[in-house]
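model13.cif follows; it contains mmCIF, C-alpha atoms.
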```cif
data_start
loop_
_atom_site.label_atom_id
_atom_site.label_comp_id
_atom_site.auth_asym_id
_atom_site.auth_seq_id
_atom_site.Cartn_x
_atom_site.Cartn_y
_atom_site.Cartn_z
CA MET M 1 21.52 5.40 -61.90
CA ASN M 2 23.15 7.91 -59.55
CA ARG M 3 19.88 9.76 -59.26
CA PHE M 4 18.11 6.50 -58.49
CA LEU M 5 20.63 5.65 -55.75
CA LEU M 6 20.31 9.11 -54.28
CA TRP M 7 16.53 8.79 -54.27
CA LEU M 8 16.81 5.35 -52.58
CA VAL M 9 19.07 6.70 -49.83
CA CYS M 10 16.69 9.59 -49.16
CA CYS M 11 13.76 7.19 -48.84
CA LEU M 12 15.52 4.67 -46.64
CA SER M 13 17.39 6.95 -44.23
CA PRO M 14 14.25 8.01 -42.24
CA LEU M 15 13.62 4.31 -41.65
CA ALA M 16 17.03 4.05 -40.06
CA PHE M 17 16.18 6.85 -37.62
CA TRP M 18 12.75 5.41 -36.93
CA GLY M 19 14.21 2.02 -36.03
CA GLN M 20 16.83 3.60 -33.75
CA GLU M 21 16.53 2.85 -30.04
CA ILE M 22 16.45 5.85 -27.74
CA SER M 23 19.12 5.62 -25.08
CA LYS M 24 18.48 5.18 -21.37
CA ASP M 25 20.13 8.52 -20.63
CA ALA M 26 17.95 10.30 -23.18
CA ILE M 27 14.82 8.81 -21.62
CA ILE M 28 15.89 9.81 -18.12
CA LYS M 29 16.73 13.29 -19.36
CA GLU M 30 13.31 13.69 -20.98
CA ILE M 31 11.41 12.46 -17.91
CA SER M 32 13.48 14.67 -15.59
CA ARG M 33 13.04 17.68 -17.83
CA SER M 34 9.28 17.16 -17.88
CA ALA M 35 9.20 16.71 -14.08
CA ALA M 36 10.93 20.06 -13.66
CA THR M 37 8.11 21.80 -15.55
CA ILE M 38 5.45 20.47 -13.19
CA LYS M 39 4.86 22.95 -10.36
CA THR M 40 1.56 21.46 -9.20
CA MET M 41 -0.32 18.28 -9.99
CA GLN M 42 -3.71 16.91 -9.06
CA CYS M 43 -5.22 13.59 -10.02
CA ASP M 44 -7.36 10.68 -9.01
CA PHE M 45 -5.78 7.29 -8.56
CA VAL M 46 -6.73 3.65 -8.47
CA GLN M 47 -4.44 1.44 -6.44
CA THR M 48 -4.53 -2.33 -7.01
CA LYS M 49 -2.57 -4.54 -4.66
CA ARG M 50 -2.05 -8.13 -5.73
CA MET M 51 -1.40 -10.38 -2.76
CA LYS M 52 0.54 -13.53 -3.47
CA MET M 53 -0.29 -15.18 -0.15
CA LEU M 54 -4.05 -14.82 -0.57
CA GLY M 55 -4.18 -14.95 -4.37
CA SER M 56 -6.40 -11.89 -4.42
CA GLU M 57 -6.48 -8.17 -5.10
CA LEU M 58 -7.25 -5.22 -2.90
CA VAL M 59 -8.48 -2.17 -4.82
CA SER M 60 -8.54 1.28 -3.29
CA LYS M 61 -9.29 4.68 -4.80
CA GLY M 62 -8.32 8.16 -3.89
CA ARG M 63 -6.98 11.49 -4.97
CA MET M 64 -3.64 13.20 -4.87
CA SER M 65 -2.42 16.78 -4.91
CA CYS M 66 1.16 17.94 -4.87
CA SER M 67 3.06 21.19 -5.14
CA GLN M 68 6.76 21.22 -5.81
CA PRO M 69 9.09 20.86 -4.08
CA ASP M 70 7.79 19.40 -0.84
CA LYS M 71 4.01 19.38 -0.47
CA LEU M 72 1.87 16.32 -0.97
CA ARG M 73 -1.66 15.29 -0.06
CA TRP M 74 -2.48 11.62 -0.62
CA GLU M 75 -6.01 10.68 0.27
CA TYR M 76 -7.70 7.27 0.16
CA LEU M 77 -11.47 7.56 -0.28
CA SER M 78 -12.53 3.95 -0.66
CA PRO M 79 -12.82 1.33 0.71
CA TYR M 80 -11.45 3.19 3.73
CA THR M 81 -10.60 6.81 4.36
CA TYR M 82 -7.03 7.69 5.16
CA THR M 83 -5.19 10.94 4.57
CA PHE M 84 -1.45 11.47 4.36
CA VAL M 85 -0.12 15.01 4.10
CA LEU M 86 3.49 16.03 3.69
CA TYR M 87 4.26 19.67 4.25
CA LYS M 88 7.92 20.59 4.34
CA ASN M 89 9.32 18.52 7.22
CA LYS M 90 6.07 17.38 8.75
CA VAL M 91 3.82 14.46 7.95
CA MET M 92 0.19 14.28 9.06
CA MET M 93 -1.71 11.01 9.00
CA LYS M 94 -5.43 10.95 9.65
CA LYS M 95 -7.57 7.89 10.00
CA GLY M 96 -10.99 8.20 11.57
CA GLU M 97 -10.76 10.23 14.74
CA ARG M 98 -7.01 9.80 15.08
CA THR M 99 -4.52 12.28 13.70
CA ASP M 100 -0.74 11.92 14.05
CA VAL M 101 1.84 14.54 13.12
CA ILE M 102 5.43 13.41 12.73
CA ASP M 103 8.65 15.25 11.99
CA VAL M 104 10.15 13.39 9.04
CA ASN M 105 13.65 14.34 10.09
CA SER M 106 13.25 12.20 13.20
CA ASN M 107 11.97 9.22 11.26
CA ARG M 108 13.95 8.14 8.21
CA MET M 109 11.36 5.62 7.11
CA PHE M 110 8.69 8.30 6.80
CA LYS M 111 11.11 10.57 5.07
CA GLU M 112 11.75 7.93 2.42
CA ILE M 113 8.06 7.07 2.03
CA ALA M 114 7.18 10.74 1.57
CA ALA M 115 9.99 11.24 -0.93
CA ILE M 116 9.10 8.24 -3.07
CA MET M 117 5.41 9.14 -3.11
CA LEU M 118 6.11 12.66 -4.28
CA ASN M 119 8.90 11.90 -6.69
CA SER M 120 7.46 8.81 -8.34
CA VAL M 121 4.26 10.52 -9.51
CA LEU M 122 6.25 13.48 -10.78
CA GLY M 123 8.94 11.35 -12.40
CA ASN M 124 11.57 12.99 -10.30
CA CYS M 125 13.50 9.97 -9.04
CA PHE M 126 16.72 10.30 -10.95
CA SER M 127 18.48 13.28 -9.50
CA ASP M 128 20.18 11.64 -6.53
CA LYS M 129 21.75 8.24 -5.96
CA SER M 130 18.68 6.73 -4.30
CA PHE M 131 18.08 4.35 -7.17
CA GLU M 132 19.89 2.36 -9.79
CA VAL M 133 17.92 3.16 -12.94
CA ASP M 134 17.23 1.34 -16.16
CA ALA M 135 14.95 2.83 -18.82
CA LYS M 136 13.62 1.73 -22.18
CA GLN M 137 10.94 2.46 -24.69
CA GLU M 138 8.08 -0.04 -24.77
CA ASN M 139 4.69 0.05 -26.48
CA GLY M 140 4.87 3.76 -27.14
CA GLN M 141 5.80 4.72 -23.59
CA TYR M 142 8.94 4.97 -21.51
CA VAL M 143 9.38 2.39 -18.78
CA ALA M 144 11.87 3.19 -16.03
CA THR M 145 12.86 0.49 -13.54
CA LEU M 146 14.26 1.75 -10.25
CA LEU M 147 16.22 -0.47 -7.90
CA PRO M 148 16.45 1.04 -4.41
CA MET M 149 19.92 1.71 -3.06
CA LYS M 150 19.00 3.18 0.34
CA LYS M 151 18.42 0.87 3.29
CA GLU M 152 14.94 2.15 4.24
CA MET M 153 13.63 1.91 0.69
CA LYS M 154 15.22 -1.54 0.22
CA MET M 155 13.26 -2.74 3.25
CA MET M 156 10.01 -1.86 1.55
CA PHE M 157 10.49 -2.51 -2.16
CA SER M 158 12.58 -4.74 -4.36
CA ARG M 159 11.91 -2.49 -7.35
CA ILE M 160 9.71 0.35 -8.59
CA VAL M 161 8.60 0.72 -12.20
CA LEU M 162 7.38 4.00 -13.69
CA HIS M 163 5.33 4.10 -16.88
CA TYR M 164 5.74 7.44 -18.56
CA ASP M 165 3.33 8.69 -21.21
CA LYS M 166 5.38 10.40 -23.92
CA VAL M 167 2.40 12.25 -25.39
CA GLN M 168 1.11 13.65 -22.07
CA SER M 169 4.67 14.06 -20.73
CA MET M 170 3.87 12.56 -17.38
CA VAL M 171 3.92 9.40 -15.28
CA ARG M 172 0.67 7.46 -15.75
CA GLU M 173 1.37 4.39 -13.70
CA VAL M 174 3.62 3.35 -10.83
CA GLU M 175 4.32 -0.29 -9.99
CA LEU M 176 5.73 -1.21 -6.59
CA TYR M 177 7.20 -4.67 -6.05
CA GLU M 178 7.58 -5.96 -2.51
CA LYS M 179 9.93 -8.57 -1.14
CA ASN M 180 7.18 -11.04 -0.29
CA GLY M 181 6.03 -11.27 -3.92
CA ASP M 182 3.18 -8.77 -3.64
CA ASN M 183 2.93 -5.96 -6.11
CA THR M 184 0.89 -2.77 -6.27
CA THR M 185 -0.11 -0.76 -9.32
CA ILE M 186 -1.12 2.87 -8.93
CA THR M 187 -2.83 4.29 -12.00
CA LEU M 188 -3.23 8.05 -12.23
CA THR M 189 -6.35 9.44 -13.94
CA HIS M 190 -7.87 12.90 -14.51
CA VAL M 191 -4.46 14.45 -14.17
CA ARG M 192 -4.33 18.26 -14.00
CA LYS M 193 -0.93 19.90 -14.20
CA ASN M 194 0.09 23.35 -13.04
CA GLU M 195 -3.37 24.46 -11.89
CA PRO M 196 -3.52 26.61 -8.75
CA ILE M 197 -3.92 24.66 -5.51
CA ASP M 198 -5.21 26.11 -2.24
CA GLU M 199 -2.36 25.61 0.22
CA LYS M 200 -4.88 24.94 3.01
CA ILE M 201 -5.17 21.34 1.85
CA TYR M 202 -1.59 20.80 3.06
CA ASP M 203 -2.37 22.04 6.55
CA VAL M 204 -0.92 19.50 8.97
CA GLU M 205 -1.99 21.02 12.28
CA MET J 1 -48.15 -19.38 33.96
CA LEU J 2 -44.71 -19.86 35.49
CA ASN J 3 -44.00 -22.66 32.99
CA SER J 4 -45.02 -20.36 30.18
CA LEU J 5 -42.66 -17.65 31.48
CA LYS J 6 -39.86 -20.18 31.91
CA SER J 7 -40.23 -21.45 28.35
CA ARG J 8 -40.26 -17.89 27.04
CA ILE J 9 -36.99 -17.17 28.88
CA VAL J 10 -35.45 -20.38 27.54
CA ILE J 11 -36.48 -19.49 23.99
CA LEU J 12 -35.09 -15.98 24.42
CA VAL J 13 -31.74 -17.28 25.68
CA LEU J 14 -31.54 -19.81 22.86
CA CYS J 15 -32.28 -17.13 20.28
CA PHE J 16 -29.69 -14.82 21.80
CA GLY J 17 -27.13 -17.61 21.71
CA ALA J 18 -27.94 -18.33 18.08
CA VAL J 19 -27.48 -14.67 17.18
CA CYS J 20 -24.12 -14.58 18.95
CA GLN J 21 -23.05 -17.71 17.12
CA TRP J 22 -24.10 -16.19 13.82
CA ALA J 23 -22.24 -12.97 14.59
CA ALA J 24 -19.08 -14.88 15.55
CA GLY J 25 -19.32 -16.92 12.36
CA GLN J 26 -19.43 -13.75 10.29
CA SER J 27 -16.26 -12.47 11.94
CA PHE J 28 -14.15 -15.45 10.91
CA PRO J 29 -13.97 -17.24 7.57
CA GLU J 30 -15.30 -20.77 7.97
CA LYS J 31 -16.09 -21.83 4.41
CA GLU J 32 -13.46 -22.59 1.78
CA GLY J 33 -12.55 -19.43 -0.11
CA GLU J 34 -14.43 -17.15 2.26
CA ARG J 35 -12.73 -13.80 3.03
CA VAL J 36 -13.17 -11.49 5.97
CA TYR J 37 -11.72 -7.97 6.23
CA TYR J 38 -10.80 -6.05 9.35
CA ASP J 39 -9.61 -2.52 10.06
CA PHE J 40 -6.60 -3.42 12.14
CA SER J 41 -4.34 -1.48 14.46
CA MET J 42 -1.51 -2.31 16.81
CA ARG J 43 -0.62 0.33 19.42
CA ARG J 44 2.01 0.95 21.99
CA SER J 45 2.68 4.18 23.83
CA ASP J 46 5.28 5.32 21.30
CA MET J 47 3.94 3.97 18.06
CA GLU J 48 0.95 2.76 16.06
CA LEU J 49 0.69 0.51 13.03
CA SER J 50 -2.67 0.45 11.31
CA GLY J 51 -4.15 -0.95 8.15
CA ILE J 52 -6.24 -3.84 6.93
CA CYS J 53 -6.19 -7.48 8.01
CA ILE J 54 -7.51 -9.93 5.43
CA LEU J 55 -8.40 -13.50 6.37
CA LEU J 56 -8.95 -16.27 3.83
CA CYS J 57 -10.24 -19.76 4.67
CA SER J 58 -8.24 -22.50 2.96
CA GLY J 59 -9.25 -25.90 4.31
CA ASP J 60 -8.19 -26.18 7.93
CA THR J 61 -5.95 -23.17 7.55
CA VAL J 62 -6.76 -19.49 7.58
CA LYS J 63 -4.30 -17.48 5.51
CA ALA J 64 -3.91 -13.86 6.50
CA SER J 65 -2.21 -10.66 5.47
CA ILE J 66 -1.89 -7.44 7.39
CA VAL J 67 -1.22 -4.48 5.11
CA ASN J 68 -0.66 -0.88 6.16
CA ASN J 69 -2.77 2.05 5.00
CA PHE J 70 -0.61 2.47 1.91
CA GLY J 71 -1.08 -1.15 0.96
CA ALA J 72 2.42 -2.31 1.90
CA THR J 73 2.39 -5.74 3.54
CA LEU J 74 3.48 -5.87 7.18
CA ILE J 75 2.83 -9.54 7.95
CA ASP J 76 1.77 -12.64 6.03
CA TYR J 77 0.83 -15.55 8.26
CA SER J 78 -1.32 -18.65 8.42
CA TYR J 79 -3.37 -20.08 11.28
CA ASP J 80 -3.97 -23.79 11.64
CA THR J 81 -7.49 -23.89 13.07
CA LYS J 82 -7.20 -27.47 14.31
CA LYS J 83 -3.85 -27.15 16.08
CA SER J 84 -4.33 -23.47 16.88
CA LYS J 85 -0.85 -22.69 15.55
CA ILE J 86 0.47 -19.60 13.84
CA LYS J 87 3.09 -19.69 11.10
CA LEU J 88 4.74 -16.46 10.02
CA HIS J 89 5.47 -16.42 6.27
CA TYR J 90 6.66 -12.85 5.93
CA VAL J 91 7.39 -10.07 8.37
CA PHE J 92 8.27 -6.55 7.31
CA GLU J 93 11.98 -6.10 7.81
CA LYS J 94 11.67 -3.47 10.52
CA LEU J 95 9.69 -6.00 12.58
CA ASN J 96 11.72 -9.01 11.57
CA LYS J 97 13.71 -9.53 14.78
CA TRP J 98 13.51 -12.86 16.62
CA TYR J 99 12.11 -11.31 19.80
CA ILE J 100 9.43 -9.39 17.88
CA ARG J 101 8.48 -12.48 15.86
CA ARG J 102 8.05 -14.43 19.06
CA VAL J 103 5.69 -11.83 20.52
CA LEU J 104 3.86 -11.54 17.19
CA LYS J 105 3.23 -15.27 16.96
CA ARG J 106 1.89 -15.41 20.46
CA ASN J 107 -0.34 -12.37 20.00
CA LEU J 108 -1.62 -13.36 16.58
CA LYS J 109 -2.79 -16.66 18.01
CA LYS J 110 -4.73 -14.80 20.70
CA ILE J 111 -6.10 -12.43 18.10
CA MET J 112 -7.33 -15.30 15.91
CA LEU J 113 -9.15 -16.78 18.89
CA ALA J 114 -10.62 -13.37 19.71
CA MET J 115 -11.81 -12.86 16.14
CA ARG J 116 -13.40 -16.30 16.18
CA SER J 117 -15.33 -15.27 19.27
CA GLY J 118 -16.51 -12.06 17.65
CA GLU J 119 -14.36 -9.82 19.84
CA SER J 120 -12.74 -6.66 18.53
CA SER J 121 -9.69 -6.10 20.71
CA TYR J 122 -6.84 -7.82 22.49
CA LYS J 123 -4.34 -6.48 24.98
CA ASP J 124 -0.85 -7.85 25.57
CA VAL J 125 -0.33 -6.40 29.02
CA ARG J 126 3.20 -7.71 29.41
CA HIS J 127 4.50 -5.92 26.32
CA LYS J 128 2.07 -2.99 26.61
CA LEU J 129 0.60 -3.66 23.17
CA SER J 130 -3.04 -3.26 22.32
CA TYR J 131 -4.70 -4.49 19.17
CA THR J 132 -8.06 -3.54 17.72
CA PHE J 133 -9.76 -5.24 14.80
CA ILE J 134 -13.08 -4.00 13.52
CA LEU J 135 -14.96 -5.76 10.75
CA ASN J 136 -15.00 -3.83 7.50
CA HIS J 137 -17.78 -4.98 5.20
CA ASP J 138 -17.18 -2.19 2.68
CA ILE J 139 -14.07 -3.83 1.30
CA GLU J 140 -15.98 -6.94 0.25
CA LYS J 141 -18.14 -4.91 -2.11
#
```

Since I need it in another form, could you write the structure as structure tokens?
Amino acid sequence: MNRFLLWLVCCLSPLAFWGQEISKDAIIKEISRSAATIKTMQCDFVQTKRMKMLGSELVSKGRMSCSQPDKLRWEYLSPYTYTFVLYKNKVMMKKGERTDVIDVNSNRMFKEIAAIMLNSVLGNCFSDKSFEVDAKQENGQYVATLLPMKKEMKMMFSRIVLHYDKVQSMVREVELYEKNGDNTTITLTHVRKNEPIDEKIYDVE
Amino acid sequence: MLNSLKSRIVILVLCFGAVCQWAAGQSFPEKEGERVYYDFSMRRSDMELSGICILLCSGDTVKASIVNNFGATLIDYSYDTKKSKIKLHYVFEKLNKWYIRRVLKRNLKKIMLAMRSGESSYKDVRHKLSYTFILNHDIEK
């Protein structure tokens, strides 16, 4: 009988671990740890904006490259071309013939936009007090909901949701919710981590 | 011979007018559910906002959204085509001051009229603002 009980406990105890919820802090720790290992990242993206007012979607496609800690190239290729480059403290925006270069230190809004673009795709949003964070496991992935605390970010978004792929150890999707009821989903595809990137693509001048 | 020339000129003018009418119609949604897309920009000496303006015909109203190049909405508004009135439904917080809203309403009304006429720019001389709106057919595809 004792042997039987012992055998039963050994069989059932893994089930107890399997059913255990992973804590929010553990999820945040894992995502942050993974983000720290990413030195460079390149991917394609599909951005779908759902507009409440018009009851329709606007789909755009592009590609992204980033190098930690402060270099980002975000390029829309269709249905319009628009390039956004962050290099240290400067932002370059190019649309058609027009190119603008701005010092992010003189414009807090741009500073916040640049930071959220870089940090959301890397999963690096938890280190400062910019967001109130909730995280849970859902359908085999981690889902982190970020509520903006800073004024500039609050103006733009009511919340940001990151979908983190546990197997690939990276963010696969970013959802941005706006105050007017619109929401945007950015899905990352063909992701390449830690491959060398020619720094020329971050040239802002 | 003169009559023949006169009638040719009249036909030419009529055809030209018809083409203009057709072009203007394409620049503004007239049928229920029809959408028109513009590359949109608003400029002043010290700043520029650019993105996409989407117009949707809904009965006697045209609903519209102006989104920036990242897809964030700057303005949601509607235009009553019969009364020629603008209603602002949402304005990005940075622009959401009463004096800016007042200028926006006035200018958006002028812009709607300009779009209806097939024009591609409007200048608010008093506030030193210039707007350009160029049809973008690629987005429809």

Interface rows for chain M against chain J: nearest pair, Å to one decimal, 10 Å, all atoms listed in the file, as JSON lines:
```
{"residue": "M:Gln47", "atom": "CA", "partner": "J:Gly71", "partner_atom": "CA", "distance": 8.5}
{"residue": "M:Thr48", "atom": "CA", "partner": "J:Gly71", "partner_atom": "CA", "distance": 8.8}
{"residue": "M:Lys49", "atom": "CA", "partner": "J:Gly71", "partner_atom": "CA", "distance": 6.7}
{"residue": "M:Arg50", "atom": "CA", "partner": "J:Gly71", "partner_atom": "CA", "distance": 9.7}
{"residue": "M:Met51", "atom": "CA", "partner": "J:Ser65", "partner_atom": "CA", "distance": 8.3}
{"residue": "M:Lys52", "atom": "CA", "partner": "J:Asp76", "partner_atom": "CA", "distance": 9.6}
{"residue": "M:Met53", "atom": "CA", "partner": "J:Asp76", "partner_atom": "CA", "distance": 7.0}
{"residue": "M:Leu54", "atom": "CA", "partner": "J:Lys63", "partner_atom": "CA", "distance": 6.6}
{"residue": "M:Gly55", "atom": "CA", "partner": "J:Leu56", "partner_atom": "CA", "distance": 9.6}
{"residue": "M:Ser56", "atom": "CA", "partner": "J:Leu56", "partner_atom": "CA", "distance": 9.7}
{"residue": "M:Leu58", "atom": "CA", "partner": "J:Ile139", "partner_atom": "CA", "distance": 8.1}
{"residue": "M:Val59", "atom": "CA", "partner": "J:Ile139", "partner_atom": "CA", "distance": 8.5}
{"residue": "M:Ser60", "atom": "CA", "partner": "J:Ile139", "partner_atom": "CA", "distance": 8.8}
{"residue": "M:Trp74", "atom": "CA", "partner": "J:Phe70", "partner_atom": "CA", "distance": 9.7}
{"residue": "M:Glu75", "atom": "CA", "partner": "J:Phe70", "partner_atom": "CA", "distance": 10.0}
{"residue": "M:Tyr76", "atom": "CA", "partner": "J:Asn69", "partner_atom": "CA", "distance": 8.7}
{"residue": "M:Ser78", "atom": "CA", "partner": "J:Ile139", "partner_atom": "CA", "distance": 8.2}
{"residue": "M:Pro79", "atom": "CA", "partner": "J:Ile139", "partner_atom": "CA", "distance": 5.3}
{"residue": "M:Tyr80", "atom": "CA", "partner": "J:Ile139", "partner_atom": "CA", "distance": 7.9}
{"residue": "M:Thr81", "atom": "CA", "partner": "J:Asn69", "partner_atom": "CA", "distance": 9.2}
{"residue": "M:Tyr82", "atom": "CA", "partner": "J:Asn69", "partner_atom": "CA", "distance": 7.1}
{"residue": "M:Thr83", "atom": "CA", "partner": "J:Asn69", "partner_atom": "CA", "distance": 9.2}
{"residue": "M:Phe84", "atom": "CA", "partner": "J:Phe70", "partner_atom": "CA", "distance": 9.4}
{"residue": "M:Met93", "atom": "CA", "partner": "J:Asn69", "partner_atom": "CA", "distance": 9.9}
{"residue": "M:Lys95", "atom": "CA", "partner": "J:Ser50", "partner_atom": "CA", "distance": 9.0}
{"residue": "M:Asp100", "atom": "CA", "partner": "J:Glu48", "partner_atom": "CA", "distance": 9.5}
{"residue": "M:Met109", "atom": "CA", "partner": "J:Lys94", "partner_atom": "CA", "distance": 9.7}
{"residue": "M:Ile113", "atom": "CA", "partner": "J:Phe70", "partner_atom": "CA", "distance": 9.8}
{"residue": "M:Glu152", "atom": "CA", "partner": "J:Lys94", "partner_atom": "CA", "distance": 9.0}
{"residue": "M:Lys154", "atom": "CA", "partner": "J:Glu93", "partner_atom": "CA", "distance": 9.4}
{"residue": "M:Met155", "atom": "CA", "partner": "J:Glu93", "partner_atom": "CA", "distance": 5.8}
{"residue": "M:Met156", "atom": "CA", "partner": "J:Ala72", "partner_atom": "CA", "distance": 7.6}
{"residue": "M:Phe157", "atom": "CA", "partner": "J:Ala72", "partner_atom": "CA", "distance": 9.0}
{"residue": "M:Leu176", "atom": "CA", "partner": "J:Ala72", "partner_atom": "CA", "distance": 9.2}
{"residue": "M:Tyr177", "atom": "CA", "partner": "J:Ala72", "partner_atom": "CA", "distance": 9.6}
{"residue": "M:Glu178", "atom": "CA", "partner": "J:Ala72", "partner_atom": "CA", "distance": 7.7}
{"residue": "M:Lys179", "atom": "CA", "partner": "J:Phe92", "partner_atom": "CA", "distance": 8.8}
{"residue": "M:Asn180", "atom": "CA", "partner": "J:Tyr90", "partner_atom": "CA", "distance": 6.5}
{"residue": "M:Gly181", "atom": "CA", "partner": "J:Thr73", "partner_atom": "CA", "distance": 10.0}
{"residue": "M:Asp182", "atom": "CA", "partner": "J:Thr73", "partner_atom": "CA", "distance": 7.8}
{"residue": "M:Asn183", "atom": "CA", "partner": "J:Ala72", "partner_atom": "CA", "distance": 8.8}
{"residue": "M:Thr184", "atom": "CA", "partner": "J:Gly71", "partner_atom": "CA", "distance": 7.7}
```

Written as an mmCIF file with C-alpha atoms, in the coordinates of the input, which residues does the PyMOL selection byres ((chain M and resi 190-200) around 8) give for the file shown?
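Done, and the output landed in selection.cif:
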```
data_model
loop_
_atom_site.group_PDB
_atom_site.id
_atom_site.type_symbol
_atom_site.label_atom_id
_atom_site.label_comp_id
_atom_site.auth_asym_id
_atom_site.auth_seq_id
_atom_site.Cartn_x
_atom_site.Cartn_y
_atom_site.Cartn_z
ATOM 1 C CA ILE M 38 5.450 20.470 -13.190
ATOM 2 C CA LYS M 39 4.860 22.950 -10.360
ATOM 3 C CA THR M 40 1.560 21.460 -9.200
ATOM 4 C CA MET M 41 -0.320 18.280 -9.990
ATOM 5 C CA GLN M 42 -3.710 16.910 -9.060
ATOM 6 C CA CYS M 43 -5.220 13.590 -10.020
ATOM 7 C CA ASP M 44 -7.360 10.680 -9.010
ATOM 8 C CA SER M 67 3.060 21.190 -5.140
ATOM 9 C CA LEU M 188 -3.230 8.050 -12.230
ATOM 10 C CA THR M 189 -6.350 9.440 -13.940
ATOM 11 C CA ILE M 201 -5.170 21.340 1.850
ATOM 12 C CA TYR M 202 -1.590 20.800 3.060
ATOM 13 C CA ASP M 203 -2.370 22.040 6.550
#
```

- Kindly provide, as an MDAnalysis selection string, the polymer residues lying within 7 Å of (16.8, 2.0, -17.8), counting all atoms listed in the file and using the coordinates exactly as they appear in the file. chainID M and resid 24 133:136 144:145

Just C-alpha atoms for this one: save the residues we selected as a PDB file, keeping the file's coordinate frame.
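Heads up, here's the output in out_16.pdb:
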```pdb
ATOM      1  CA  LYS M  24      18.480   5.180 -21.370  1.00  0.00           C
ATOM      2  CA  VAL M 133      17.920   3.160 -12.940  1.00  0.00           C
ATOM      3  CA  ASP M 134      17.230   1.340 -16.160  1.00  0.00           C
ATOM      4  CA  ALA M 135      14.950   2.830 -18.820  1.00  0.00           C
ATOM      5  CA  LYS M 136      13.620   1.730 -22.180  1.00  0.00           C
ATOM      6  CA  ALA M 144      11.870   3.190 -16.030  1.00  0.00           C
ATOM      7  CA  THR M 145      12.860   0.490 -13.540  1.00  0.00           C
TER       8      THR M 145
END
```

- Task: Decode the PyMOL selection byres ((chain J and resi 85) around 12) for the given file into explicit residues and return them as number ranges by chain.
- Result: J: 60-63, 77-84, 86-88, 105-113

- Task: Name every residue that the PyMOL selection byres ((chain M and resi 122-126) around 7) selects in this structure, writing the answer as a PyMOL selection string with chains first and numbers rising.
- Result: chain M and resi 31-32+35+118-121+127-128+171

Write the residues of the preceding selection, restricted to C-alpha atoms, as a compact mmCIF listing (two decimals), keeping the file's coordinate frame.
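Done, and the output landed in selection-v1.txt:
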```txt
# COMPACT_ATOMS: atom_id res chain seq x y z
CA ILE M 31 11.41 12.46 -17.91
CA SER M 32 13.48 14.67 -15.59
CA ALA M 35 9.20 16.71 -14.08
CA LEU M 118 6.11 12.66 -4.28
CA ASN M 119 8.90 11.90 -6.69
CA SER M 120 7.46 8.81 -8.34
CA VAL M 121 4.26 10.52 -9.51
CA SER M 127 18.48 13.28 -9.50
CA ASP M 128 20.18 11.64 -6.53
CA VAL M 171 3.92 9.40 -15.28
```

- Do a neighbour search on J:Asp124 at 12 Å with all atoms listed in the file, toss out local chain neighbours closer than 2 positions, and write the hits as a PyMOL selection string. chain J and resi 42-44+103-104+106-111+121-122+126-132

- Check the smallest atom-to-atom distance from each of M:Arg108, M:Lys90, M:His163, M:Lys129 to M:Leu147 using all atoms listed in the file, then report the winner. M:Lys129

- Between atom CA of M:Gln168 and atom CA of M:Ile116, distance in Å (one decimal):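 So the two atoms, atom CA of M:Gln168 and atom CA of M:Ile116, lie 21.3 Å apart.
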